[in-house]
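Presented below is the structure to which this report refers.
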Amino acid sequence: MVKKIVPVFILAILAALCLPGREAVPADSGAEIPAGEKYVALTFDDGPRRATTERLLDGLKERGAKATFFLIGQQVEDNASLVARMAEEGHQIGNHTWSHQRLDGILPDAAAQEVARTEAALEALLGGGEYWLRPPYGQVAEGADFGVPMVKWCVDPRDWESRDAEKVARAVLECVEPGSIVLLHDIYPTSVDAALRVVDRLQEEGYWFVTVEELLWLNGVTPEAGRMYRTGRG
Ligand code: NI
């Protein structure tokens, strides 16, 4: 895990050197903390879905923003190039089960299978690695340990419900703070629009968009297998 420290700091240094506008937080943004000290992680569940995820990746790239994608295993093979692009562009890729099963509602063996099958699909495509788990509905059976860190969220704009970009963006902006993990779904065009508005607005306020893993490291938290993380502070 020690090797992960390096990419985070390289990222911070590169971003400080290369990204436009980072050194100049607008005076009227209300940001008192210098740029580079407010970090947030956007997470996207239930994809990939070509029509929407591709546009999101384009938008994130344009803005120099990183995110975390929790993928449904059975959608990986048909979207292999999209998943490979996520990895190439520095996003974190995680596991959202094979078929979006609620893991506390099925037998432990079936739950393990749901996770392992997706892990195998990701390893086949991207190589070995650690694919963190976001359990569907944020739930696992008590004491369940799938051998990787698990990620919940602290900001949930319920984007699947309203499907209204303006409303979703507003809901995120009202609740977000440094260290937040935000839950979105990249299968809705409105959520893609909302996410990009949120990035634009928060970058103006001096926020950096990092992966969940980076967010934890930047907050001095060492990720542990079997633990559920709701914010960057652990
Ligand atoms: Ni889901």
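Chain labels run A, B, ... following the order of the structure tokens; each chain numbers its residues from 1, and ligands are numbered from 1 in the order shown.
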
Enumerate residues in contact with ligand 1: an atom-to-atom distance of at most 6 Å, counting only C-alpha atoms and all ligand atoms. Format the result as a list in words.
Asp45, Asp46 and Pro136 of chain A

Apply DSSP to the structure's backbone, then extract all residues of range 25-132 of chain A labelled strand (DSSP E or B) and return them as an mmCIF file with N, CA and C atoms, in the first residue's frame.
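Contents of part_26.cif, as written:
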```
data_model
loop_
_atom_site.group_PDB
_atom_site.id
_atom_site.type_symbol
_atom_site.label_atom_id
_atom_site.label_comp_id
_atom_site.auth_asym_id
_atom_site.auth_seq_id
_atom_site.Cartn_x
_atom_site.Cartn_y
_atom_site.Cartn_z
ATOM 1 N N LYS A 38 -8.558 21.467 -0.371
ATOM 2 C CA LYS A 38 -9.937 20.959 -0.239
ATOM 3 C C LYS A 38 -10.118 19.858 -1.278
ATOM 4 N N TYR A 39 -10.378 18.675 -0.789
ATOM 5 C CA TYR A 39 -10.489 17.527 -1.676
ATOM 6 C C TYR A 39 -11.866 16.899 -1.548
ATOM 7 N N VAL A 40 -12.371 16.417 -2.663
ATOM 8 C CA VAL A 40 -13.679 15.762 -2.662
ATOM 9 C C VAL A 40 -13.629 14.607 -3.663
ATOM 10 N N ALA A 41 -14.405 13.559 -3.388
ATOM 11 C CA ALA A 41 -14.443 12.401 -4.290
ATOM 12 C C ALA A 41 -15.852 12.213 -4.835
ATOM 13 N N LEU A 42 -15.981 12.332 -6.160
ATOM 14 C CA LEU A 42 -17.244 11.978 -6.807
ATOM 15 C C LEU A 42 -17.191 10.484 -7.107
ATOM 16 N N THR A 43 -18.267 9.785 -6.812
ATOM 17 C CA THR A 43 -18.324 8.354 -7.138
ATOM 18 C C THR A 43 -19.554 8.105 -8.009
ATOM 19 N N PHE A 44 -19.374 7.195 -8.966
ATOM 20 C CA PHE A 44 -20.448 6.912 -9.919
ATOM 21 C C PHE A 44 -20.741 5.416 -9.913
ATOM 22 N N ASP A 45 -21.986 5.075 -9.641
ATOM 23 C CA ASP A 45 -22.399 3.675 -9.558
ATOM 24 C C ASP A 45 -23.227 3.261 -10.777
ATOM 25 N N THR A 68 -14.314 8.131 -9.122
ATOM 26 C CA THR A 68 -14.276 6.699 -8.848
ATOM 27 C C THR A 68 -15.542 6.076 -9.425
ATOM 28 N N PHE A 69 -15.354 4.991 -10.160
ATOM 29 C CA PHE A 69 -16.476 4.317 -10.820
ATOM 30 C C PHE A 69 -16.663 2.931 -10.216
ATOM 31 N N PHE A 70 -17.833 2.682 -9.664
ATOM 32 C CA PHE A 70 -18.149 1.350 -9.148
ATOM 33 C C PHE A 70 -19.016 0.646 -10.192
ATOM 34 N N LEU A 71 -18.407 -0.342 -10.842
ATOM 35 C CA LEU A 71 -19.000 -0.930 -12.045
ATOM 36 C C LEU A 71 -19.787 -2.200 -11.755
ATOM 37 N N GLN A 92 -10.349 5.846 -10.416
ATOM 38 C CA GLN A 92 -10.337 4.600 -9.657
ATOM 39 C C GLN A 92 -11.516 3.748 -10.104
ATOM 40 N N ILE A 93 -11.267 2.451 -10.256
ATOM 41 C CA ILE A 93 -12.326 1.545 -10.688
ATOM 42 C C ILE A 93 -12.614 0.581 -9.557
ATOM 43 N N GLY A 94 -13.889 0.458 -9.229
ATOM 44 C CA GLY A 94 -14.297 -0.426 -8.150
ATOM 45 C C GLY A 94 -15.413 -1.357 -8.583
ATOM 46 N N ASN A 95 -15.845 -2.160 -7.645
ATOM 47 C CA ASN A 95 -16.756 -3.279 -7.855
ATOM 48 C C ASN A 95 -18.134 -2.935 -7.269
#
```

What's the 6 Å shell around range 137-148 of chain A, counting only C-alpha atoms, without same-chain residues fewer than 5 positions away, as a list in words?
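Answer for this query is Leu103, Asp104, Trp132, Ala225 and Gly226 of chain A.
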
Keeping only all heavy atoms, take the residues you just selected and write them out as a PDB file, in the first residue's frame.
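Produced file result_31.pdb, reproduced below:
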```pdb
ATOM      1  N   LEU A 103     -26.281  -7.312  -1.038  1.00  0.00           N
ATOM      2  CA  LEU A 103     -25.419  -8.357  -0.485  1.00  0.00           C
ATOM      3  C   LEU A 103     -25.845  -8.856   0.886  1.00  0.00           C
ATOM      4  O   LEU A 103     -25.427  -9.932   1.307  1.00  0.00           O
ATOM      5  CB  LEU A 103     -23.966  -7.882  -0.440  1.00  0.00           C
ATOM      6  CG  LEU A 103     -23.332  -7.619  -1.812  1.00  0.00           C
ATOM      7  CD1 LEU A 103     -21.929  -7.061  -1.658  1.00  0.00           C
ATOM      8  CD2 LEU A 103     -23.307  -8.882  -2.660  1.00  0.00           C
ATOM      9  N   ASP A 104     -26.666  -8.076   1.575  1.00  0.00           N
ATOM     10  CA  ASP A 104     -27.124  -8.574   2.878  1.00  0.00           C
ATOM     11  C   ASP A 104     -28.437  -9.353   2.736  1.00  0.00           C
ATOM     12  O   ASP A 104     -29.007  -9.805   3.713  1.00  0.00           O
ATOM     13  CB  ASP A 104     -27.284  -7.441   3.893  1.00  0.00           C
ATOM     14  CG  ASP A 104     -28.325  -6.421   3.463  1.00  0.00           C
ATOM     15  OD1 ASP A 104     -28.707  -6.403   2.267  1.00  0.00           O
ATOM     16  OD2 ASP A 104     -28.758  -5.627   4.315  1.00  0.00           O
ATOM     17  N   TRP A 132     -11.926  -1.957  -5.026  1.00  0.00           N
ATOM     18  CA  TRP A 132     -12.707  -1.702  -3.821  1.00  0.00           C
ATOM     19  C   TRP A 132     -14.186  -1.917  -4.116  1.00  0.00           C
ATOM     20  O   TRP A 132     -14.648  -1.763  -5.254  1.00  0.00           O
ATOM     21  CB  TRP A 132     -12.466  -0.284  -3.320  1.00  0.00           C
ATOM     22  CG  TRP A 132     -11.056  -0.061  -2.855  1.00  0.00           C
ATOM     23  CD1 TRP A 132      -9.978  -0.879  -3.063  1.00  0.00           C
ATOM     24  CD2 TRP A 132     -10.576   1.063  -2.125  1.00  0.00           C
ATOM     25  NE1 TRP A 132      -8.867  -0.319  -2.493  1.00  0.00           N
ATOM     26  CE2 TRP A 132      -9.193   0.865  -1.918  1.00  0.00           C
ATOM     27  CE3 TRP A 132     -11.176   2.221  -1.628  1.00  0.00           C
ATOM     28  CZ2 TRP A 132      -8.413   1.785  -1.217  1.00  0.00           C
ATOM     29  CZ3 TRP A 132     -10.405   3.138  -0.940  1.00  0.00           C
ATOM     30  CH2 TRP A 132      -9.038   2.921  -0.733  1.00  0.00           C
ATOM     31  N   ALA A 225      -8.898  -3.439   4.433  1.00  0.00           N
ATOM     32  CA  ALA A 225      -9.872  -4.387   3.892  1.00  0.00           C
ATOM     33  C   ALA A 225     -10.971  -4.638   4.926  1.00  0.00           C
ATOM     34  O   ALA A 225     -10.706  -4.698   6.128  1.00  0.00           O
ATOM     35  CB  ALA A 225      -9.185  -5.700   3.545  1.00  0.00           C
ATOM     36  N   GLY A 226     -12.198  -4.761   4.437  1.00  0.00           N
ATOM     37  CA  GLY A 226     -13.309  -5.100   5.316  1.00  0.00           C
ATOM     38  C   GLY A 226     -13.921  -3.919   6.051  1.00  0.00           C
ATOM     39  O   GLY A 226     -14.944  -4.057   6.709  1.00  0.00           O
TER      40      GLY A 226
END
```

Shortest contact to Met86 in chain A, candidates A:Asp58, A:Asp193, A:Glu213, A:Glu224, atoms counted only C-alpha atoms, goes to A:Asp58

Please report the interatomic distance between CA of Asp200 in chain A and CA of Gly232 in chain A in Å with one decimal.
20.8 Å

Could you pull out the alpha helix (DSSP H) residues of range 19-231 of chain A, going by DSSP on the backbone, and write them as a PyMOL selection string?
chain A and resi 50-63+80-88+108-126+159-162+165-175+189-204+212-218

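Distance check against Ala165 in chain A using only C-alpha atoms: of A:Pro189, A:Pro48, A:Gly179, A:Pro149, the minimum falls on A:Pro189.
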
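The coordinates place CA of Val212 in chain A at 17.9 Å from CA of Thr97 in chain A.
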
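Remark: for Ile181 in chain A, the closest of the candidate residues A:Gly47, A:Gly206, A:Gly105, A:Gly234 is A:Gly234 (distances computed over only C-alpha atoms).
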
Excluding Ala171 in chain A and its own-chain neighbours fewer than 5 positions away, which residues fall within 12 Å of it when counting only C-alpha atoms? Please give them as number ranges by chain.
A: 155-159, 162, 164-166, 176, 182-184, 191, 194-195, 197-198

Give me a file of those residues, with N, CA and C atoms, as a tab-separated table (two decimals), in the first residue's frame.
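Produced file selection-v6.tsv, reproduced below:
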```tsv
chain	number	residue	atom	x	y	z
A	155	VAL	N	-22.70	12.20	0.91
A	155	VAL	CA	-23.58	13.12	0.18
A	155	VAL	C	-24.35	12.32	-0.87
A	156	ASP	N	-25.67	12.29	-0.73
A	156	ASP	CA	-26.52	11.54	-1.65
A	156	ASP	C	-27.64	12.43	-2.17
A	157	PRO	N	-27.48	12.98	-3.39
A	157	PRO	CA	-28.52	13.87	-3.92
A	157	PRO	C	-29.72	13.11	-4.51
A	158	ARG	N	-29.76	11.81	-4.38
A	158	ARG	CA	-30.84	10.97	-4.92
A	158	ARG	C	-31.10	11.32	-6.40
A	159	ASP	N	-30.02	11.25	-7.16
A	159	ASP	CA	-30.09	11.63	-8.58
A	159	ASP	C	-30.99	10.71	-9.38
A	162	SER	N	-34.86	12.19	-8.85
A	162	SER	CA	-35.33	13.44	-9.47
A	162	SER	C	-35.00	13.50	-10.96
A	164	ASP	N	-33.06	15.38	-12.39
A	164	ASP	CA	-33.13	16.81	-12.69
A	164	ASP	C	-31.75	17.38	-12.37
A	165	ALA	N	-31.01	17.75	-13.42
A	165	ALA	CA	-29.60	18.14	-13.24
A	165	ALA	C	-29.44	19.30	-12.26
A	166	GLU	N	-30.33	20.29	-12.40
A	166	GLU	CA	-30.22	21.48	-11.55
A	166	GLU	C	-30.44	21.12	-10.08
A	176	VAL	N	-21.94	19.42	0.36
A	176	VAL	CA	-20.54	19.00	0.21
A	176	VAL	C	-19.62	19.79	1.12
A	182	VAL	N	-19.26	11.68	-2.62
A	182	VAL	CA	-20.56	12.00	-3.21
A	182	VAL	C	-21.04	10.82	-4.06
A	183	LEU	N	-22.29	10.43	-3.87
A	183	LEU	CA	-22.89	9.33	-4.63
A	183	LEU	C	-23.68	9.84	-5.84
A	184	LEU	N	-23.29	9.38	-7.03
A	184	LEU	CA	-24.03	9.70	-8.26
A	184	LEU	C	-24.09	8.44	-9.11
A	191	SER	N	-27.49	13.17	-14.49
A	191	SER	CA	-26.45	13.06	-13.46
A	191	SER	C	-25.09	13.48	-14.01
A	194	ALA	N	-25.21	17.20	-14.01
A	194	ALA	CA	-25.08	17.69	-12.62
A	194	ALA	C	-23.64	17.58	-12.15
A	195	ALA	N	-23.02	16.44	-12.43
A	195	ALA	CA	-21.64	16.22	-11.96
A	195	ALA	C	-20.71	17.28	-12.53
A	197	ARG	N	-21.47	20.27	-13.62
A	197	ARG	CA	-21.75	21.58	-12.99
A	197	ARG	C	-21.10	21.67	-11.62
A	198	VAL	N	-21.18	20.56	-10.87
A	198	VAL	CA	-20.60	20.53	-9.53
A	198	VAL	C	-19.08	20.72	-9.62
```

Non-local contacts of Leu122 in chain A (9 Å; only C-alpha atoms; under 3 positions in same chain excluded) as a list in words
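Using only C-alpha atoms, the neighbours found are Gly73, Val76, Glu77, Val83, Ile93, Gly94, Asn95, Arg117, Thr118, Glu119, Leu125, Leu126, Gly127, Gly128, Gly129 and Tyr131 of chain A.
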
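Atom pair CA of Met150 in chain A / CA of Pro178 in chain A: separated by 19.9 Å.
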